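For reference, start-v9.txt (compact mmCIF, C-alpha atoms and all ligand atoms):
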# COMPACT_ATOMS: atom_id res chain seq x y z
CA MET A 942 0.00 0.00 0.00
CA SER A 943 1.17 3.54 -0.69
CA SER A 944 -0.05 7.04 0.01
CA PRO A 945 -1.71 8.58 -3.06
CA GLY A 946 -1.05 12.21 -2.15
CA ALA A 947 -3.50 14.91 -3.19
CA ASP A 948 -5.83 13.89 -6.03
CA PRO A 949 -7.92 16.67 -7.59
CA ARG A 950 -10.64 14.07 -8.26
CA ALA A 951 -11.18 13.80 -4.49
CA GLY A 952 -11.67 17.54 -3.93
CA GLU A 953 -11.16 18.49 -0.29
CA ALA A 954 -11.57 14.91 0.94
CA ARG A 955 -8.61 13.07 2.41
CA LEU A 956 -8.03 9.60 1.05
CA GLY A 957 -6.06 6.96 2.91
CA ALA A 958 -3.63 4.45 1.50
CA THR A 959 -4.02 3.17 -2.04
CA PHE A 960 -5.07 -0.47 -1.95
CA LEU A 961 -4.90 -1.23 -5.69
CA ASP A 962 -3.40 0.98 -8.37
CA ALA A 963 -4.86 1.19 -11.87
CA ASP A 964 -2.28 -1.11 -13.48
CA THR A 965 -2.80 -3.83 -10.86
CA ILE A 966 -6.57 -3.65 -11.38
CA ARG A 967 -6.20 -3.77 -15.16
CA ARG A 968 -3.96 -6.85 -15.10
CA ARG A 969 -6.29 -8.77 -12.78
CA VAL A 970 -9.43 -7.81 -14.72
CA ASP A 971 -7.77 -9.09 -17.90
CA GLU A 972 -6.98 -12.37 -16.10
CA LEU A 973 -10.58 -12.64 -14.90
CA GLY A 974 -11.73 -12.14 -18.48
CA GLN A 975 -9.54 -15.05 -19.55
CA GLU A 976 -10.84 -17.22 -16.68
CA ILE A 977 -14.41 -16.47 -17.75
CA THR A 978 -13.55 -17.11 -21.40
CA ARG A 979 -12.24 -20.58 -20.49
CA ALA A 980 -15.19 -21.34 -18.18
CA TYR A 981 -17.87 -20.71 -20.81
CA PRO A 982 -16.68 -22.38 -24.03
CA GLU A 983 -20.17 -22.12 -25.54
CA GLY A 984 -20.49 -18.41 -24.82
CA ASP A 985 -24.16 -17.42 -24.80
CA LEU A 986 -23.49 -15.66 -21.55
CA LEU A 987 -25.52 -12.91 -19.89
CA LEU A 988 -23.43 -10.71 -17.60
CA ILE A 989 -25.60 -8.84 -15.12
CA GLY A 990 -23.87 -5.89 -13.49
CA LEU A 991 -25.06 -4.87 -10.05
CA LEU A 992 -25.34 -1.09 -10.11
CA LYS A 993 -24.08 1.26 -9.35
CA GLY A 994 -20.81 -0.04 -7.92
CA SER A 995 -19.94 -2.51 -10.72
CA PHE A 996 -20.25 -0.11 -13.65
CA ILE A 997 -16.52 0.43 -14.28
CA PHE A 998 -15.52 -3.16 -13.46
CA LEU A 999 -18.24 -4.51 -15.76
CA ALA A 1000 -17.21 -2.19 -18.60
CA ASP A 1001 -13.60 -3.36 -18.38
CA LEU A 1002 -14.48 -7.02 -17.76
CA VAL A 1003 -16.77 -7.50 -20.77
CA ARG A 1004 -14.00 -6.26 -23.05
CA ALA A 1005 -11.71 -8.98 -21.69
CA VAL A 1006 -14.15 -11.87 -22.29
CA GLU A 1007 -13.63 -13.44 -25.72
CA ARG A 1008 -17.06 -15.09 -26.09
CA PRO A 1009 -20.45 -14.02 -27.42
CA LEU A 1010 -22.26 -12.34 -24.52
CA SER A 1011 -24.89 -9.80 -23.63
CA VAL A 1012 -25.13 -7.32 -20.78
CA ASP A 1013 -27.89 -6.26 -18.45
CA PHE A 1014 -28.11 -4.72 -15.00
CA LEU A 1015 -29.61 -5.06 -11.56
CA VAL A 1016 -30.16 -2.00 -9.42
CA ALA A 1017 -30.21 -2.60 -5.68
CA SER A 1018 -29.24 -0.54 -2.69
CA SER A 1019 -28.22 -1.53 0.82
CA TYR A 1020 -25.76 1.07 2.17
CA GLY A 1021 -27.58 4.42 2.09
CA THR A 1022 -25.06 7.18 2.84
CA GLY A 1023 -23.26 5.56 5.80
CA THR A 1024 -20.13 3.43 5.88
CA VAL A 1025 -21.74 0.39 7.52
CA SER A 1026 -23.55 -2.20 5.45
CA GLY A 1027 -27.30 -2.10 6.07
CA GLY A 1028 -29.50 -5.16 6.30
CA GLU A 1029 -32.23 -4.36 3.82
CA VAL A 1030 -31.64 -4.98 0.10
CA ARG A 1031 -33.99 -2.94 -2.05
CA LEU A 1032 -34.32 -4.11 -5.66
CA LEU A 1033 -35.12 -1.22 -7.96
CA TYR A 1034 -34.59 -2.85 -11.40
CA GLU A 1035 -34.01 -6.37 -12.70
CA PRO A 1036 -33.60 -7.60 -16.30
CA ALA A 1037 -36.82 -7.77 -18.29
CA THR A 1038 -35.27 -10.30 -20.70
CA PRO A 1039 -35.99 -14.01 -19.95
CA LEU A 1040 -33.26 -15.69 -17.88
CA ALA A 1041 -34.56 -19.25 -18.23
CA GLY A 1042 -32.01 -21.57 -19.87
CA ARG A 1043 -29.23 -18.96 -19.96
CA HIS A 1044 -25.79 -18.85 -18.36
CA ILE A 1045 -25.96 -15.93 -15.92
CA LEU A 1046 -22.87 -14.28 -14.46
CA LEU A 1047 -23.68 -11.72 -11.78
CA VAL A 1048 -20.94 -9.07 -11.62
CA GLU A 1049 -20.40 -7.35 -8.27
CA ASP A 1050 -17.83 -4.78 -7.18
CA ILE A 1051 -17.41 -5.83 -3.55
CA ILE A 1052 -18.72 -8.47 -1.18
CA ASP A 1053 -18.99 -7.01 2.31
CA SER A 1054 -21.56 -8.75 4.52
CA GLY A 1055 -22.76 -10.81 1.54
CA ARG A 1056 -26.39 -9.86 2.19
CA THR A 1057 -26.85 -8.21 -1.18
CA LEU A 1058 -25.73 -11.29 -3.12
CA ALA A 1059 -27.65 -13.72 -0.90
CA SER A 1060 -30.85 -11.85 -1.62
CA LEU A 1061 -30.23 -11.30 -5.33
CA THR A 1062 -28.98 -14.77 -6.25
CA GLU A 1063 -32.08 -16.31 -4.66
CA ARG A 1064 -34.21 -14.03 -6.79
CA LEU A 1065 -32.28 -14.76 -9.99
CA ARG A 1066 -32.28 -18.50 -9.39
CA SER A 1067 -36.08 -18.47 -9.15
CA ARG A 1068 -36.10 -17.36 -12.81
CA GLY A 1069 -34.66 -20.71 -13.97
CA PRO A 1070 -31.23 -19.91 -15.45
CA ARG A 1071 -29.16 -22.73 -16.96
CA SER A 1072 -26.32 -21.71 -14.65
CA LEU A 1073 -25.73 -18.93 -12.16
CA ALA A 1074 -22.32 -17.73 -10.98
CA ILE A 1075 -20.90 -14.63 -9.32
CA CYS A 1076 -17.84 -12.63 -10.32
CA ALA A 1077 -16.74 -10.16 -7.63
CA LEU A 1078 -13.79 -7.80 -7.97
CA LEU A 1079 -13.26 -7.60 -4.19
CA ASP A 1080 -14.18 -9.95 -1.36
CA LYS A 1081 -13.81 -8.82 2.25
CA ARG A 1082 -14.29 -12.43 3.41
CA ILE A 1083 -16.27 -11.30 6.42
CA ALA A 1084 -18.88 -14.00 5.97
CA PRO A 1085 -18.67 -17.46 4.37
CA PRO A 1086 -18.47 -17.02 0.58
CA PRO A 1087 -21.76 -17.15 -1.33
CA PRO A 1088 -22.15 -20.64 -2.82
CA ASP A 1089 -22.29 -19.23 -6.35
CA LEU A 1090 -19.03 -17.25 -6.03
CA ARG A 1091 -16.80 -18.50 -8.84
CA PHE A 1092 -14.52 -15.62 -9.87
CA VAL A 1093 -12.80 -13.22 -7.42
CA GLY A 1094 -10.40 -10.43 -8.29
CA PHE A 1095 -8.78 -9.70 -4.93
CA PRO A 1096 -9.32 -10.39 -1.23
CA ALA A 1097 -10.02 -7.02 0.41
CA PRO A 1098 -9.14 -5.55 3.82
CA PRO A 1099 -11.93 -4.64 6.27
CA ALA A 1100 -11.39 -0.91 5.57
CA PHE A 1101 -13.99 1.18 3.73
CA LEU A 1102 -12.77 1.30 0.12
CA VAL A 1103 -13.55 3.84 -2.61
CA GLY A 1104 -12.74 4.21 -6.30
CA TYR A 1105 -13.12 2.15 -9.51
CA GLY A 1106 -16.90 2.25 -9.01
CA LEU A 1107 -17.00 2.11 -5.21
CA ASP A 1108 -18.38 5.20 -3.53
CA HIS A 1109 -18.88 6.95 -0.27
CA ALA A 1110 -22.10 8.99 -0.39
CA GLU A 1111 -21.84 8.86 -4.24
CA ALA A 1112 -18.33 10.42 -4.32
CA PHE A 1113 -15.09 8.81 -5.57
CA ARG A 1114 -16.62 6.30 -8.03
CA HIS A 1115 -14.49 7.77 -10.84
CA LEU A 1116 -11.09 7.24 -9.22
CA PRO A 1117 -9.07 4.91 -11.50
CA TYR A 1118 -7.56 3.21 -8.43
CA ILE A 1119 -9.01 1.83 -5.16
CA ALA A 1120 -8.10 3.55 -1.90
CA GLU A 1121 -9.09 3.46 1.72
CA LEU A 1122 -11.29 6.29 2.90
CA GLY A 1123 -8.97 8.46 5.04
C1 LIG B 1201 -22.58 -1.89 -2.01
C2 LIG B 1201 -21.60 -2.61 -2.90
C3 LIG B 1201 -22.18 -4.00 -2.97
C4 LIG B 1201 -22.86 -4.17 -1.63
C5 LIG B 1201 -21.99 -5.02 -0.76
O1 LIG B 1201 -23.62 -1.43 -2.80
O2 LIG B 1201 -21.52 -2.00 -4.17
O3 LIG B 1201 -23.15 -4.10 -4.00
O4 LIG B 1201 -23.02 -2.87 -1.08
O5 LIG B 1201 -22.50 -5.10 0.55
P1 LIG B 1201 -23.01 -6.44 1.24
O6 LIG B 1201 -22.10 -7.56 0.82
O7 LIG B 1201 -22.86 -6.12 2.71
O8 LIG B 1201 -24.43 -6.66 0.87
P2 LIG B 1201 -24.53 -0.19 -2.39
O9 LIG B 1201 -25.80 -0.68 -1.77
O10 LIG B 1201 -23.71 0.78 -1.60
O11 LIG B 1201 -24.91 0.43 -3.77
P3 LIG B 1201 -23.97 0.96 -4.96
O12 LIG B 1201 -23.54 -0.27 -5.72
O13 LIG B 1201 -24.90 1.82 -5.75
O14 LIG B 1201 -22.79 1.72 -4.39

What does this structure look like when you write it as structure tokens?
Amino acid sequence: MSSPGADPRAGEARLGATFLDADTIRRRVDELGQEITRAYPEGDLLLIGLLKGSFIFLADLVRAVERPLSVDFLVASSYGTGTVSGGEVRLLYEPATPLAGRHILLVEDIIDSGRTLASLTERLRSRGPRSLAICALLDKRIAPPPPDLRFVGFPAPPAFLVGYGLDHAEAFRHLPYIAELG
């Protein structure tokens, strides 16, 4: 870990240590793309990005998967504006396209308590996909891993992390690296 110094993207906010720099993220996302490419030789894959946090990860990941695929989104919220994971998962949007018989890969930025994924995978499974797996960029490993977790970018520290899609009160999503909140 290193200290990022002042970043004009963060305004007056103080960021803590950098956890992952942009090059490290890029290399691992490319590897994940290759892992997914090998895991789905038939293609015909639907990647579902969990918004908002996964939007940058998903955009980079889909360009690293060398199979036919399509993209859709889920919109859920569990944190509000605090730094502690809340218990309630509110689902605001789910794909209108049929999921029955399809290979579904749910793309998540970070697994914290795991409540979000537990709730959403149950809901997706009820729609009869051919397969269901999770790809998470970061896993805090606070709780036992979700049974559908198949692809993980990095284990993550218990700190509150921002950047590369992750926010605090909607700020910092656009940082090209991931840092601790100072
Ligand atoms: C955050 C994060 C994960 C989820 C992880 O989303 O992006 O989706 O919480 O927490 P959990 O494992 O404890 O359920 P948030 O609700 O903050 O929405 P966002 O993606 O719009 O930032």

Inset, instruction - Could you tell me, counting all atoms listed in the file, which protein and nucleic acid residues lie no more than 6 Å from ligand LIG 1201 (chain B), written as a list in words? - result: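 So, counting all atoms listed in the file, the residues near ligand LIG 1201 (chain B) are Leu992, Lys993, Gly994, Ser1018, Ser1019, Tyr1020, Ser1026, Asp1050, Ile1051, Ile1052, Asp1053, Ser1054, Gly1055, Arg1056, Thr1057, Leu1107 and Asp1108 of chain A.
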
Legend entry - A:Phe960, A:Phe1101, A:Phe1092, A:Phe1014 ranked by distance to Leu987 in chain A, top pick (using all atoms listed in the file):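 Under the stated criterion, the closest residue is A:Phe1014.
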
Legend entry - Close residues, Ala1120 in chain A itself excluded, 7 Å, all atoms listed in the file, min 4 positions apart in chain, as a list of chain:residue names: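 My list of contacting residues is A:Leu956, A:Gly957, A:Ala958, A:Thr959, A:Phe960, A:Leu961, A:Leu1102, A:Val1103, A:Gly1104.
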
Inset, instruction - Using CA of Thr965 in chain A and CA of Asp985 in chain A as the two end points, give the distance in Å to one decimal. - result: 28.9 Å

Inset, instruction - Measuring atom to atom with all atoms listed in the file, identify which of A:Ala1059, A:Val1003, A:Val1030, A:Ala1074 is nearest to Gln975 in chain A. - result: A:Val1003

Inset, instruction - Measuring atom to atom with only C-alpha atoms, identify which of A:Glu1049, A:Asp964, A:Gly1042, A:Pro1036 is nearest to Leu1002 in chain A. - result: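 Among the listed residues, the smallest separation from Leu1002 in chain A belongs to A:Glu1049.
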
Inset, instruction - Enter the distance from CA of Ala951 in chain A to CA of Leu1116 in chain A, in Å, rounded to one decimal. - result: 8.1 Å

Legend entry - Option closest in space to His1044 in chain A, from A:Asp971, A:Asp962, A:Asp948, A:Glu983 [counting all atoms listed in the file]: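 Among the listed residues, A:Glu983 lies closest to His1044 in chain A.
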
Legend entry - Nearest residue to Glu1121 in chain A from the set A:Arg1066, A:Arg968, A:Arg1082, A:His1109 (distances using all atoms listed in the file):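 Smallest separation from Glu1121 in chain A among the options: A:His1109.
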
Let me know the centre plus edge lengths, in Å and rounded to one decimal, of a box with edges along x, y and z that contains all listed atoms of range 994-1009 of chain A and is padded by 4 Å on every side, as AutoDock Vina command-line options.
--center_x -16.3 --center_y -7.3 --center_z -17.7 --size_x 17.1 --size_y 23.5 --size_z 27.5

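Within 9 Å of Pro1096 in chain A, once all atoms listed in the file are used and residues closer than 6 positions along the same chain are dropped, the contacting residues are Leu1078, Leu1079, Asp1080, Lys1081 and Arg1082 of chain A.
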
Generate the output file for the selected residues, C-alpha atoms, as an mmCIF file, in the frame of the given file.
data_model
loop_
_atom_site.group_PDB
_atom_site.id
_atom_site.type_symbol
_atom_site.label_atom_id
_atom_site.label_comp_id
_atom_site.auth_asym_id
_atom_site.auth_seq_id
_atom_site.Cartn_x
_atom_site.Cartn_y
_atom_site.Cartn_z
ATOM 1 C CA LEU A 1078 -13.790 -7.800 -7.970
ATOM 2 C CA LEU A 1079 -13.260 -7.600 -4.190
ATOM 3 C CA ASP A 1080 -14.180 -9.950 -1.360
ATOM 4 C CA LYS A 1081 -13.810 -8.820 2.250
ATOM 5 C CA ARG A 1082 -14.290 -12.430 3.410
#

Inset, instruction - Using CA of Val1048 in chain A and CA of Gly1123 in chain A as the two end points, give the distance in Å to one decimal. - result: 27.0 Å

Inset, instruction - Using all atoms listed in the file, pick whichever of A:Glu953, A:Leu1046, A:Ala1100, A:Arg979 has the shortest atom-to-atom distance to Leu999 in chain A. - result: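 Selected residue with least distance to Leu999 in chain A: A:Leu1046.
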
Legend entry - Who sits within 8 Å of Leu1090 in chain A, only C-alpha atoms, same chain under 6 positions skipped, as number ranges by chain: A: 1074-1077

Inset, instruction - Place a sphere of radius 10 Å on (-9.9, -15.4, -14.4) in the file coordinates and name every protein, DNA or RNA residue with an atom inside or on its surface, counting all atoms listed in the file; give the answer as JSON, numbers by chain. - result: {"A": [969, 970, 971, 972, 973, 974, 975, 976, 977, 978, 979, 980, 1005, 1006, 1076, 1091, 1092, 1093, 1094]}

Inset, instruction - Show which residues sit within 8 Å of Leu986 in chain A, as a count of residues only. Count all atoms listed in the file, and ignore same-chain residues fewer than 4 positions away. - result: 9

Output of range 1091-1108 of chain A limited to N, CA and C atoms, as a JSON list (two decimals), in the first residue's frame:
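The resulting decode-v1.json:
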[["chain", "number", "residue", "atom", "x", "y", "z"],
["A", 1091, "ARG", "N", -17.70, -17.70, -8.00],
["A", 1091, "ARG", "CA", -16.80, -18.50, -8.84],
["A", 1091, "ARG", "C", -15.54, -17.74, -9.27],
["A", 1092, "PHE", "N", -15.65, -16.43, -9.42],
["A", 1092, "PHE", "CA", -14.52, -15.62, -9.87],
["A", 1092, "PHE", "C", -14.32, -14.45, -8.90],
["A", 1093, "VAL", "N", -13.09, -14.31, -8.37],
["A", 1093, "VAL", "CA", -12.80, -13.22, -7.42],
["A", 1093, "VAL", "C", -11.52, -12.52, -7.87],
["A", 1094, "GLY", "N", -11.58, -11.19, -7.89],
["A", 1094, "GLY", "CA", -10.40, -10.43, -8.29],
["A", 1094, "GLY", "C", -9.34, -10.39, -7.21],
["A", 1095, "PHE", "N", -9.72, -9.89, -6.04],
["A", 1095, "PHE", "CA", -8.78, -9.70, -4.93],
["A", 1095, "PHE", "C", -9.49, -9.90, -3.60],
["A", 1096, "PRO", "N", -8.81, -10.50, -2.60],
["A", 1096, "PRO", "CA", -9.32, -10.39, -1.23],
["A", 1096, "PRO", "C", -9.14, -8.93, -0.79],
["A", 1097, "ALA", "N", -10.06, -8.44, 0.03],
["A", 1097, "ALA", "CA", -10.02, -7.02, 0.41],
["A", 1097, "ALA", "C", -9.90, -6.87, 1.92],
["A", 1098, "PRO", "N", -9.25, -5.80, 2.38],
["A", 1098, "PRO", "CA", -9.14, -5.55, 3.82],
["A", 1098, "PRO", "C", -10.49, -5.07, 4.37],
["A", 1099, "PRO", "N", -10.64, -5.07, 5.69],
["A", 1099, "PRO", "CA", -11.93, -4.64, 6.27],
["A", 1099, "PRO", "C", -12.18, -3.14, 6.16],
["A", 1100, "ALA", "N", -11.22, -2.37, 5.69],
["A", 1100, "ALA", "CA", -11.39, -0.91, 5.57],
["A", 1100, "ALA", "C", -12.50, -0.55, 4.59],
["A", 1101, "PHE", "N", -13.02, 0.67, 4.71],
["A", 1101, "PHE", "CA", -13.99, 1.18, 3.73],
["A", 1101, "PHE", "C", -13.20, 1.64, 2.50],
["A", 1102, "LEU", "N", -13.53, 1.06, 1.34],
["A", 1102, "LEU", "CA", -12.77, 1.30, 0.12],
["A", 1102, "LEU", "C", -13.58, 2.14, -0.86],
["A", 1103, "VAL", "N", -12.89, 3.01, -1.59],
["A", 1103, "VAL", "CA", -13.55, 3.84, -2.61],
["A", 1103, "VAL", "C", -12.73, 3.81, -3.89],
["A", 1104, "GLY", "N", -13.40, 4.13, -5.00],
["A", 1104, "GLY", "CA", -12.74, 4.21, -6.30],
["A", 1104, "GLY", "C", -13.08, 3.03, -7.19],
["A", 1105, "TYR", "N", -12.83, 3.17, -8.51],
["A", 1105, "TYR", "CA", -13.12, 2.15, -9.51],
["A", 1105, "TYR", "C", -14.56, 1.64, -9.34],
["A", 1106, "GLY", "N", -15.48, 2.58, -9.16],
["A", 1106, "GLY", "CA", -16.90, 2.25, -9.01],
["A", 1106, "GLY", "C", -17.42, 2.32, -7.59],
["A", 1107, "LEU", "N", -16.54, 2.11, -6.61],
["A", 1107, "LEU", "CA", -17.00, 2.11, -5.21],
["A", 1107, "LEU", "C", -17.08, 3.55, -4.70],
["A", 1108, "ASP", "N", -18.14, 3.83, -3.96],
["A", 1108, "ASP", "CA", -18.38, 5.20, -3.53],
["A", 1108, "ASP", "C", -18.44, 5.34, -2.01]]
